[in-house]
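S.K.: structure-v4.csv (CSV, C-alpha atoms) pasted underneath:
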chain,number,residue,atom,x,y,z
G,1163,LEU,CA,-213.5,66.6,-85.2
G,1164,PHE,CA,-217.0,65.5,-86.4
G,1165,ARG,CA,-217.5,63.2,-83.4
G,1166,SER,CA,-216.5,66.0,-81.0
G,1167,THR,CA,-218.9,68.4,-82.6
G,1168,LYS,CA,-221.7,65.8,-82.7
G,1169,GLU,CA,-221.1,65.1,-78.9
G,1170,LYS,CA,-221.2,68.9,-78.2
G,1171,VAL,CA,-224.4,69.3,-80.1
G,1172,TYR,CA,-225.9,66.2,-78.3
G,1173,LYS,CA,-224.8,67.6,-74.9
G,1174,SER,CA,-226.2,71.1,-75.7
G,1175,ASN,CA,-229.5,69.5,-76.8
G,1176,GLU,CA,-229.6,67.5,-73.6
G,1177,ASP,CA,-228.8,70.6,-71.5
G,1178,LEU,CA,-231.5,72.5,-73.3
G,1179,ARG,CA,-234.1,69.7,-72.6
G,1180,LYS,CA,-233.2,69.8,-68.9
G,1181,LEU,CA,-233.4,73.5,-68.9
G,1182,ILE,CA,-236.9,73.4,-70.6
G,1183,LYS,CA,-238.0,71.0,-67.9
G,1184,GLN,CA,-236.7,73.3,-65.2
G,1185,VAL,CA,-238.6,76.3,-66.7
G,1186,LYS,CA,-241.8,74.2,-66.9
G,1187,ASP,CA,-241.3,73.0,-63.3
G,1188,PHE,CA,-240.8,76.6,-62.2
G,1189,LEU,CA,-243.8,77.9,-64.1
G,1190,MET,CA,-246.0,75.1,-62.6
G,1191,GLN,CA,-245.0,75.6,-59.0
G,1192,ASP,CA,-247.4,77.3,-56.6
G,1193,GLY,CA,-244.7,79.9,-55.6
G,1194,ALA,CA,-244.4,81.2,-59.1
G,1195,ASP,CA,-246.0,84.7,-59.1
G,1196,LEU,CA,-247.2,86.5,-62.1
G,1197,ASP,CA,-244.2,88.9,-62.2
G,1198,SER,CA,-241.7,86.0,-62.2
G,1199,ILE,CA,-243.6,84.1,-64.9
G,1200,GLU,CA,-243.8,87.3,-67.0
G,1201,ALA,CA,-240.0,87.8,-66.5
G,1202,VAL,CA,-239.3,84.3,-67.8
G,1203,ALA,CA,-241.7,84.7,-70.7
G,1204,ASN,CA,-240.1,88.0,-71.7
G,1205,GLU,CA,-236.6,86.5,-71.5
G,1206,VAL,CA,-237.7,83.7,-73.8
G,1207,LEU,CA,-239.3,86.1,-76.3
G,1208,THR,CA,-236.2,88.2,-76.6
G,1209,MET,CA,-233.9,85.2,-77.3
G,1210,ARG,CA,-232.5,84.4,-80.7
G,1211,MET,CA,-231.9,80.8,-81.8
G,1212,PRO,CA,-228.2,79.9,-81.4
G,1213,SER,CA,-226.4,78.8,-84.6
G,1214,THR,CA,-223.4,77.1,-83.1
G,1215,PRO,CA,-223.0,74.6,-80.2
G,1216,GLN,CA,-221.0,77.2,-78.3
G,1217,GLN,CA,-223.9,79.7,-78.6
G,1218,LEU,CA,-226.4,77.1,-77.6
G,1219,GLN,CA,-224.3,76.1,-74.5
G,1220,ALA,CA,-223.9,79.8,-73.5
G,1221,LEU,CA,-227.7,80.4,-74.0
G,1222,THR,CA,-228.5,77.3,-72.0
G,1223,GLU,CA,-226.3,78.4,-69.1
G,1224,ASP,CA,-227.7,81.9,-69.2
G,1225,ILE,CA,-231.3,80.6,-69.0
G,1226,ARG,CA,-230.3,78.2,-66.2
G,1227,VAL,CA,-228.8,81.0,-64.1
G,1228,ARG,CA,-231.9,83.2,-64.6
G,1229,VAL,CA,-234.3,80.3,-63.7
G,1230,GLU,CA,-232.2,79.4,-60.6
G,1231,SER,CA,-232.4,83.0,-59.4
G,1232,LEU,CA,-236.2,83.0,-59.9
G,1233,SER,CA,-236.4,79.6,-58.2
G,1234,ASN,CA,-235.2,81.2,-55.0
G,1235,VAL,CA,-238.9,82.2,-54.6
G,1236,GLU,CA,-239.6,78.8,-53.1
G,1237,THR,CA,-236.8,79.2,-50.6
G,1238,ILE,CA,-238.0,82.6,-49.6
G,1239,LEU,CA,-241.6,81.3,-49.2
G,1240,GLU,CA,-240.3,78.4,-47.0
G,1241,GLN,CA,-238.3,80.8,-44.9
G,1242,SER,CA,-241.2,83.1,-44.4
G,1243,ALA,CA,-243.7,80.3,-43.6
G,1244,GLY,CA,-243.0,80.5,-39.9
G,1245,ASP,CA,-243.5,84.3,-39.9
G,1246,ILE,CA,-246.8,83.9,-41.7
G,1247,GLU,CA,-248.0,81.3,-39.2
G,1248,ARG,CA,-247.0,83.6,-36.3
G,1249,ALA,CA,-248.8,86.5,-38.0
G,1250,GLU,CA,-251.9,84.4,-38.5
G,1251,ALA,CA,-251.8,83.3,-34.8
G,1252,LEU,CA,-251.4,86.9,-33.7
G,1253,LEU,CA,-254.3,87.9,-35.9
G,1254,GLY,CA,-256.5,85.2,-34.4
G,1255,GLU,CA,-255.5,86.4,-30.9
G,1256,ALA,CA,-256.3,90.0,-31.8
G,1257,LYS,CA,-259.7,89.0,-33.1
G,1258,LYS,CA,-260.4,87.1,-29.9
G,1259,ALA,CA,-259.3,90.1,-27.8
G,1260,SER,CA,-261.5,92.4,-29.9
G,1261,LYS,CA,-264.5,90.2,-29.4
G,1262,SER,CA,-263.8,90.1,-25.7
G,1263,ALA,CA,-263.5,93.9,-25.5
G,1264,THR,CA,-266.8,94.2,-27.4
G,1265,ASP,CA,-268.5,91.7,-25.0
G,1266,VAL,CA,-267.1,93.6,-22.0
G,1267,LYS,CA,-268.3,96.9,-23.4
G,1268,ALA,CA,-271.8,95.5,-24.0
G,1269,THR,CA,-271.8,94.2,-20.4
G,1270,ALA,CA,-270.6,97.6,-19.1
G,1271,ASP,CA,-273.3,99.3,-21.1
G,1272,LEU,CA,-276.0,97.0,-19.6
G,1273,VAL,CA,-274.6,97.7,-16.1
G,1274,ARG,CA,-274.7,101.4,-16.7
G,1275,GLU,CA,-278.3,101.2,-18.0
G,1276,ALA,CA,-279.3,99.3,-14.9
G,1277,LEU,CA,-277.6,101.7,-12.5
G,1278,ASP,CA,-279.0,104.8,-14.4
G,1279,GLY,CA,-282.5,103.2,-14.7
For the file at hand, write its structure as structure tokens.
M.R.:
Amino acid sequence: LFRSTKEKVYKSNEDLRKLIKQVKDFLMQDGADLDSIEAVANEVLTMRMPSTPQQLQALTEDIRVRVESLSNVETILEQSAGDIERAEALLGEAKKASKSATDVKATADLVREALDG
């Protein structure tokens, strides 16, 4: 019984270490926005220290699930990267078209002045 409990505590501690590393990695990634970081911080602040291996295991799993749901930010950013590139390309084209229109207007104004003058 002692060995089983000791193994459970060791496994729970190991899981907690892995979880802490996941949280640190999440908080250090570029895709972690302030709202997500605040959500993780608030979750950590509301937690109570578990007193049994079962409570520690349940807490570890709960945190893991929450971090994984927040980690989807990276997937969303990767999926939207193509859309962002297309939007930037379209913006560039729009700026070129606007400059061309401005140049054509300036030329038209010069022609009008020449014809009127």
S.K.: With distances taken over only C-alpha atoms, which of G:Val1266, G:Ala1249, G:Leu1178, G:Ala1201 is nearest to G:Gln1217?
M.R.: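 The closest residue to G:Gln1217 is G:Leu1178.
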S.K.: Could you tell me how far atom CA of G:Leu1181 sits from atom CA of G:Ile1199, in Å to one decimal place?
M.R.: 15.2 Å
S.K.: Mind giving me the straight-line distance from atom CA of G:Leu1218 to atom CA of G:Gln1184 in Å, one decimal?
M.R.: 16.6 Å
S.K.: Report, in Å to a single decimal, how far apart atom CA of G:Ser1242 and atom CA of G:Glu1200 are.
M.R.: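 Atom CA of G:Ser1242 lies at a distance of 23.1 Å from atom CA of G:Glu1200.
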S.K.: Using only C-alpha atoms, pick whichever of G:Ala1243, G:Ala1268, G:Leu1196, G:Ile1182 has the shortest atom-to-atom distance to G:Glu1223.
M.R.: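 Checking each of G:Ala1243, G:Ala1268, G:Leu1196, G:Ile1182 against G:Glu1223, counting only C-alpha atoms, the winner is G:Ile1182.
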S.K.: So that I can see what lies close to G:Val1229, please list as a tab-separated table (two decimals) with C-alpha atoms, in the frame of the given file the residues with an atom at most 12 Å from it, counting only C-alpha atoms and leaving out residues fewer than 2 positions away in the same chain.
M.R.:
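Result written to around-v5.tsv:
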chain	number	residue	atom	x	y	z
G	1180	LYS	CA	-233.20	69.80	-68.90
G	1181	LEU	CA	-233.40	73.50	-68.90
G	1182	ILE	CA	-236.90	73.40	-70.60
G	1183	LYS	CA	-238.00	71.00	-67.90
G	1184	GLN	CA	-236.70	73.30	-65.20
G	1185	VAL	CA	-238.60	76.30	-66.70
G	1186	LYS	CA	-241.80	74.20	-66.90
G	1187	ASP	CA	-241.30	73.00	-63.30
G	1188	PHE	CA	-240.80	76.60	-62.20
G	1189	LEU	CA	-243.80	77.90	-64.10
G	1194	ALA	CA	-244.40	81.20	-59.10
G	1198	SER	CA	-241.70	86.00	-62.20
G	1199	ILE	CA	-243.60	84.10	-64.90
G	1201	ALA	CA	-240.00	87.80	-66.50
G	1202	VAL	CA	-239.30	84.30	-67.80
G	1203	ALA	CA	-241.70	84.70	-70.70
G	1205	GLU	CA	-236.60	86.50	-71.50
G	1206	VAL	CA	-237.70	83.70	-73.80
G	1222	THR	CA	-228.50	77.30	-72.00
G	1223	GLU	CA	-226.30	78.40	-69.10
G	1224	ASP	CA	-227.70	81.90	-69.20
G	1225	ILE	CA	-231.30	80.60	-69.00
G	1226	ARG	CA	-230.30	78.20	-66.20
G	1227	VAL	CA	-228.80	81.00	-64.10
G	1231	SER	CA	-232.40	83.00	-59.40
G	1232	LEU	CA	-236.20	83.00	-59.90
G	1233	SER	CA	-236.40	79.60	-58.20
G	1234	ASN	CA	-235.20	81.20	-55.00
G	1235	VAL	CA	-238.90	82.20	-54.60
G	1236	GLU	CA	-239.60	78.80	-53.10
